[in-house]
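The structure under discussion appears below in the form of structure tokens.
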Amino acid sequence: MISIKTSRVMRGIAMIIVLISHYAGWMYVTAHNEQLRLVLGSWGPAGVDIFFLMSGYGLAKSGASITGVKSGCKYLARRFASVYVPYLLLSGLIMVYSGEWKYITFGKVGEYVIGYNYWYICILLAAYIMFAIVWSLFKNDTVRGALLCLGIAAFSYILFRMGRSYFWYVSNMSIAIGIIAGTFDNRFADIKKEKVLAVKTGIFFVGMLGFAASSVLFNRIYSVNPLGGKAYRIAMNVFFAVMILGIAYLIDKKCNRKSEHSGVVGIIGEYSLYIYILHTVLFWIMIIRLDWLGYVYAVVIVAAISIVISVIVGMLMKKYITDRLVNRLR
């Protein structure tokens with residue numbers, strides 16, 4: 001089992017990877033090492049894989065109490081209260097600040113409601129709905145896992161056919177992997193203690209070897225046709241998620257032994273939703289004002305300030321809005 005503390009640390013690492021990727025991609029001056037910038041800018045999907053994996057795992061663990069349609073609806077309402085409400089409030093404030101509300105249309109309202117401009121939110125909301133429906137209507141864990149995988153795969157295929165950018169679908173199966181892991185890892189208790197480590201290590205090596213093999217195949221195709229190899233790209237992300245799952249299992253005890261708290265990285269993970277929503281607008285507000293420091297120094301300062309502001313906003317919203325909503329929905 002992966003503890004909440006370990007999950008927070010993993011999500012914190014994921015958020016840091018996403019920040020690095022975004023900041024490298026947004027660099028508006030030529031880097032001293034342009035190749036390094038391009039590499040860092042491509043890290044985003046890896047961070048998303050980790051976050052989606054941990055989100056799926058948390059879904060399965062917290063959704064174990066679902067016993068029918070009524071409890072499933074309550075569970076979905078609590079999830080929406082903790083994720084969708086902060087998104088609506090913060091993105092709404094950003095629209096007001098940017099003046100975008102002046103040019104609002106029915107289409108824009110629709111995009112706002114489904115989280116289109118924050119594709120990450122859109123995918124999570126879809127996964128929450130699918131999870132609540134499947135877990136409410138079916139009791140067998142194997143059936144649940146199979147249907148959930150099919151649902152997420154079908155949803156991802158629709159996004160692909162709609163012409164969405166690859167990041168809309170390439171990491172989605174990581175959610176399913178996390179849900180399956182969270183559903184079935186209680187069976188570790190039925191395995192002899194000395195074999196549990198072997199199983200967890202095996203998960204890591206299967207993921208690592210699969211990731212390496214699919215990476216080689218993808219790069220061979222990509223070097224010839226930059227628009228090809230999408231199936232191998234998805235396989236890369238799936239195996240990467242399996243590898244990260246193995247790492248999370250293996251470090252869990254060690255991570256929990258160090259201290260009672262999850263540290264700075266854990267705090268970043270706990271408030272990663274708020275950091276994700278706010279970091280873009282905070283970046284563009286501050287980066288120009290700090291440009292005289294040089295891009296790298298300015299970005300480091302901007303990242304630190306963005307994290308601090310987002311954590312403060314997250315703490316206030318949790319205390320006065322989301323936690324109260326969630327408690328009322330229990």
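Residue numbers start at 1 in each chain; chains themselves are named A, B, ... in the order of the structure tokens; ligands are numbered from 1 in the order shown.
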
With only C-alpha atoms as the counted atoms, please give the residues lying no more than 12 Å from A:Tyr295, apart from itself and same-chain residues fewer than 2 positions off, as a ChimeraX atom specification. /A:23-24,26-32,283,286-293,297-303

Stretch 268-271 of chain A surroundings by only C-alpha atoms, 9 Å radius, close-in-sequence under 5 positions cut, as a PyMOL selection string: chain A and resi 7-16+51+263+276+307+310-311+314-315

Could you write those residues out with N, CA, C and O atoms, as a compact mmCIF listing (two decimals), in the first residue's frame?
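result_14.txt, written as the output of this step:
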```
# COMPACT_ATOMS: atom_id res chain seq x y z
N SER A 7 2.35 9.44 -1.44
CA SER A 7 1.60 9.96 -2.58
C SER A 7 1.82 11.45 -2.74
O SER A 7 2.01 11.95 -3.86
N ARG A 8 1.84 12.17 -1.64
CA ARG A 8 2.08 13.61 -1.70
C ARG A 8 3.47 13.92 -2.23
O ARG A 8 3.66 14.84 -3.04
N VAL A 9 4.46 13.16 -1.77
CA VAL A 9 5.83 13.37 -2.24
C VAL A 9 5.92 13.11 -3.74
O VAL A 9 6.53 13.89 -4.49
N MET A 10 5.28 12.02 -4.20
CA MET A 10 5.32 11.70 -5.63
C MET A 10 4.62 12.78 -6.45
O MET A 10 5.10 13.17 -7.52
N ARG A 11 3.49 13.28 -5.94
CA ARG A 11 2.79 14.35 -6.65
C ARG A 11 3.59 15.65 -6.64
O ARG A 11 3.54 16.44 -7.59
N GLY A 12 4.32 15.86 -5.55
CA GLY A 12 5.19 17.03 -5.49
C GLY A 12 6.30 16.95 -6.54
O GLY A 12 6.60 17.94 -7.22
N ILE A 13 6.91 15.78 -6.67
CA ILE A 13 7.93 15.57 -7.70
C ILE A 13 7.32 15.80 -9.09
O ILE A 13 7.93 16.44 -9.95
N ALA A 14 6.09 15.29 -9.29
CA ALA A 14 5.41 15.46 -10.57
C ALA A 14 5.19 16.94 -10.88
O ALA A 14 5.42 17.39 -12.01
N MET A 15 4.77 17.70 -9.86
CA MET A 15 4.52 19.12 -10.08
C MET A 15 5.80 19.87 -10.41
O MET A 15 5.82 20.76 -11.26
N ILE A 16 6.89 19.52 -9.75
CA ILE A 16 8.19 20.16 -10.03
C ILE A 16 8.61 19.88 -11.47
O ILE A 16 9.11 20.76 -12.18
N PHE A 51 1.48 12.19 -11.68
CA PHE A 51 0.32 12.76 -10.99
C PHE A 51 -0.94 11.95 -11.26
O PHE A 51 -1.72 11.67 -10.35
N GLY A 263 7.65 17.18 4.20
CA GLY A 263 8.61 18.18 3.76
C GLY A 263 8.07 19.10 2.68
O GLY A 263 6.87 19.10 2.35
N TYR A 276 -0.84 24.20 -10.11
CA TYR A 276 -1.07 23.98 -11.54
C TYR A 276 -1.97 25.07 -12.14
O TYR A 276 -1.70 25.59 -13.23
N ILE A 307 4.84 29.08 -6.04
CA ILE A 307 4.54 27.96 -5.14
C ILE A 307 4.02 28.49 -3.81
O ILE A 307 3.01 28.00 -3.28
N SER A 310 0.50 29.98 -4.24
CA SER A 310 -0.46 28.91 -4.50
C SER A 310 -0.77 28.10 -3.25
O SER A 310 -1.93 27.73 -3.00
N VAL A 311 0.26 27.83 -2.44
CA VAL A 311 0.05 27.08 -1.19
C VAL A 311 -0.81 27.89 -0.22
O VAL A 311 -1.73 27.35 0.40
N GLY A 314 -4.28 27.84 -1.53
CA GLY A 314 -4.83 26.51 -1.33
C GLY A 314 -5.22 26.26 0.11
O GLY A 314 -6.29 25.69 0.39
N MET A 315 -4.39 26.68 1.05
CA MET A 315 -4.70 26.50 2.47
C MET A 315 -5.96 27.25 2.86
O MET A 315 -6.82 26.73 3.59
```

Counting only C-alpha atoms, what is within 8 Å of stretch 19-22 of chain A, bar same-chain residues fewer than 5 positions away, as an MDAnalysis selection string? chainID A and resid 40:44 303

Excluding same-chain residues fewer than 2 positions from A:Ile123, what lies within 12 Å of it counting only C-alpha atoms, as a VMD selection string? chain A and resid 48 52 55 to 56 83 to 84 114 to 121 125 to 130 152 to 153 155 to 156 159 167 to 175

Limited to C-alpha atoms, could you put the picked residues into a file as a PDB file, in the first residue's frame?
```pdb
ATOM      1  CA  VAL A  48       1.546  14.166 -15.709  1.00  0.00           C
ATOM      2  CA  PHE A  52      -2.349  10.787 -12.849  1.00  0.00           C
ATOM      3  CA  SER A  55      -4.615  10.408  -8.510  1.00  0.00           C
ATOM      4  CA  GLY A  56      -5.950   7.089  -9.776  1.00  0.00           C
ATOM      5  CA  VAL A  83     -11.170  19.676  -7.290  1.00  0.00           C
ATOM      6  CA  TYR A  84     -13.834  21.267  -9.492  1.00  0.00           C
ATOM      7  CA  ILE A 114     -15.599  21.487 -18.773  1.00  0.00           C
ATOM      8  CA  GLY A 115     -12.105  22.796 -18.002  1.00  0.00           C
ATOM      9  CA  TYR A 116     -11.079  22.926 -21.655  1.00  0.00           C
ATOM     10  CA  ASN A 117      -8.356  25.533 -21.159  1.00  0.00           C
ATOM     11  CA  TYR A 118      -7.011  23.462 -18.288  1.00  0.00           C
ATOM     12  CA  TRP A 119      -7.067  20.137 -20.150  1.00  0.00           C
ATOM     13  CA  TYR A 120      -5.653  18.445 -17.067  1.00  0.00           C
ATOM     14  CA  ILE A 121      -8.821  19.296 -15.125  1.00  0.00           C
ATOM     15  CA  LEU A 125     -13.254  15.213 -14.166  1.00  0.00           C
ATOM     16  CA  ALA A 126     -13.983  12.652 -16.889  1.00  0.00           C
ATOM     17  CA  ALA A 127     -12.042  10.002 -14.938  1.00  0.00           C
ATOM     18  CA  TYR A 128     -13.950  10.842 -11.732  1.00  0.00           C
ATOM     19  CA  ILE A 129     -17.291  10.436 -13.496  1.00  0.00           C
ATOM     20  CA  MET A 130     -16.293   7.127 -15.106  1.00  0.00           C
ATOM     21  CA  ILE A 152     -10.486   5.678 -20.344  1.00  0.00           C
ATOM     22  CA  ALA A 153      -9.046   4.111 -23.522  1.00  0.00           C
ATOM     23  CA  PHE A 155     -12.284   8.502 -24.102  1.00  0.00           C
ATOM     24  CA  SER A 156      -8.621   8.940 -25.077  1.00  0.00           C
ATOM     25  CA  LEU A 159      -9.777  12.896 -28.022  1.00  0.00           C
ATOM     26  CA  PHE A 167      -0.807  15.530 -24.180  1.00  0.00           C
ATOM     27  CA  TRP A 168      -4.612  15.288 -24.036  1.00  0.00           C
ATOM     28  CA  TYR A 169      -4.474  11.496 -24.257  1.00  0.00           C
ATOM     29  CA  VAL A 170      -0.926  10.120 -23.984  1.00  0.00           C
ATOM     30  CA  SER A 171      -0.909   9.940 -20.144  1.00  0.00           C
ATOM     31  CA  ASN A 172      -4.531   9.011 -19.485  1.00  0.00           C
ATOM     32  CA  MET A 173      -3.991   5.283 -18.958  1.00  0.00           C
ATOM     33  CA  SER A 174      -1.807   6.167 -15.963  1.00  0.00           C
ATOM     34  CA  ILE A 175      -5.047   6.945 -14.128  1.00  0.00           C
TER      35      ILE A 175
END
```

Residues near A:Lys318, anyone? I mean within 9 Å using only C-alpha atoms, not counting same-chain ones fewer than 6 positions away, as a PyMOL selection string. chain A and resi 82+86+324

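With only C-alpha atoms as the basis for measurement, A:Ile133 is the residue among A:Val265, A:Leu148, A:Leu217, A:Ile133 that approaches A:Leu76 most closely.
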
Using DSSP on the backbone, list every residue of stretch 226-291 of chain A that comes out as alpha helix (DSSP H), and give them as a PDB file with C-alpha atoms, in the first residue's frame.
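Wrote part21.pdb, looks like this:
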```pdb
ATOM      1  CA  LYS A 230       1.713   7.267 -31.346  1.00  0.00           C
ATOM      2  CA  ALA A 231       0.917   3.750 -30.111  1.00  0.00           C
ATOM      3  CA  TYR A 232       4.507   3.312 -28.932  1.00  0.00           C
ATOM      4  CA  ARG A 233       4.404   6.764 -27.332  1.00  0.00           C
ATOM      5  CA  ILE A 234       1.367   5.708 -25.310  1.00  0.00           C
ATOM      6  CA  ALA A 235       3.109   2.414 -24.440  1.00  0.00           C
ATOM      7  CA  MET A 236       6.085   4.444 -23.194  1.00  0.00           C
ATOM      8  CA  ASN A 237       3.856   6.382 -20.831  1.00  0.00           C
ATOM      9  CA  VAL A 238       2.028   3.249 -19.651  1.00  0.00           C
ATOM     10  CA  PHE A 239       5.253   1.423 -18.808  1.00  0.00           C
ATOM     11  CA  PHE A 240       6.698   4.580 -17.261  1.00  0.00           C
ATOM     12  CA  ALA A 241       3.673   4.716 -14.953  1.00  0.00           C
ATOM     13  CA  VAL A 242       4.174   1.042 -14.021  1.00  0.00           C
ATOM     14  CA  MET A 243       7.848   1.778 -13.266  1.00  0.00           C
ATOM     15  CA  ILE A 244       6.884   4.743 -11.068  1.00  0.00           C
ATOM     16  CA  LEU A 245       4.310   2.561  -9.297  1.00  0.00           C
ATOM     17  CA  GLY A 246       7.086   0.100  -8.462  1.00  0.00           C
ATOM     18  CA  ILE A 247       9.275   2.933  -7.174  1.00  0.00           C
ATOM     19  CA  ALA A 248       6.418   4.263  -5.007  1.00  0.00           C
ATOM     20  CA  TYR A 249       5.904   0.810  -3.481  1.00  0.00           C
ATOM     21  CA  LEU A 250       9.626   0.363  -2.839  1.00  0.00           C
ATOM     22  CA  ILE A 251      10.248   3.764  -1.227  1.00  0.00           C
ATOM     23  CA  ASP A 252       7.039   3.893   0.809  1.00  0.00           C
ATOM     24  CA  LYS A 253       8.426   2.610   4.116  1.00  0.00           C
ATOM     25  CA  LYS A 254      11.652   4.564   3.768  1.00  0.00           C
ATOM     26  CA  CYS A 255       9.745   7.719   2.912  1.00  0.00           C
ATOM     27  CA  ASN A 256       7.518   7.359   5.977  1.00  0.00           C
ATOM     28  CA  ARG A 257      10.446   6.556   8.274  1.00  0.00           C
ATOM     29  CA  LYS A 258      12.285   9.841   7.708  1.00  0.00           C
ATOM     30  CA  GLY A 263       8.611  18.184   3.764  1.00  0.00           C
ATOM     31  CA  VAL A 264       8.607  20.879   1.091  1.00  0.00           C
ATOM     32  CA  VAL A 265       8.096  18.404  -1.764  1.00  0.00           C
ATOM     33  CA  GLY A 266       5.121  16.893   0.050  1.00  0.00           C
ATOM     34  CA  ILE A 267       3.581  20.334   0.562  1.00  0.00           C
ATOM     35  CA  ILE A 268       3.987  21.052  -3.150  1.00  0.00           C
ATOM     36  CA  GLY A 269       2.238  17.727  -3.831  1.00  0.00           C
ATOM     37  CA  GLU A 270      -0.591  18.456  -1.413  1.00  0.00           C
ATOM     38  CA  SER A 272      -0.341  20.790  -6.615  1.00  0.00           C
ATOM     39  CA  LEU A 273      -3.839  21.494  -7.971  1.00  0.00           C
ATOM     40  CA  TYR A 274      -3.589  25.131  -6.917  1.00  0.00           C
ATOM     41  CA  ILE A 275      -0.020  25.436  -8.208  1.00  0.00           C
ATOM     42  CA  TYR A 276      -1.072  23.979 -11.543  1.00  0.00           C
ATOM     43  CA  ILE A 277      -3.985  26.400 -11.959  1.00  0.00           C
ATOM     44  CA  LEU A 278      -2.120  29.516 -10.826  1.00  0.00           C
ATOM     45  CA  HIS A 279       1.469  29.048 -11.990  1.00  0.00           C
ATOM     46  CA  THR A 280       0.862  30.139 -15.595  1.00  0.00           C
ATOM     47  CA  VAL A 281      -0.714  33.500 -14.841  1.00  0.00           C
ATOM     48  CA  LEU A 282       1.733  34.162 -11.973  1.00  0.00           C
ATOM     49  CA  PHE A 283       4.645  33.420 -14.300  1.00  0.00           C
ATOM     50  CA  TRP A 284       3.626  35.975 -16.907  1.00  0.00           C
ATOM     51  CA  ILE A 285       2.754  38.584 -14.268  1.00  0.00           C
ATOM     52  CA  MET A 286       6.181  38.386 -12.622  1.00  0.00           C
TER      53      MET A 286
END
```

Can you work out which one of A:Ala46, A:Ala181, A:Val216, A:Leu93 has the shortest atom-to-atom distance to A:Ile2, counting only C-alpha atoms?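 Counting only C-alpha atoms, the residue closest to A:Ile2 is A:Ala181.
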
To one decimal place in Å, what is the distance between atom CA of A:Val224 and atom CA of A:Ile158?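 Atom CA of A:Val224 sits 26.2 Å away from atom CA of A:Ile158.
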
At a cut-off of 9 Å, using only C-alpha atoms, what residues contact stretch 62-73 of chain A? Leave out same-chain residues fewer than 2 positions from it and give the result as an MDAnalysis selection string. chainID A and resid 57:60 75:78 131:133 135:139 183

Pairwise distance for atom CA of A:Ser214 and atom CA of A:Thr142, rounded to one decimal in Å: 26.5 Å
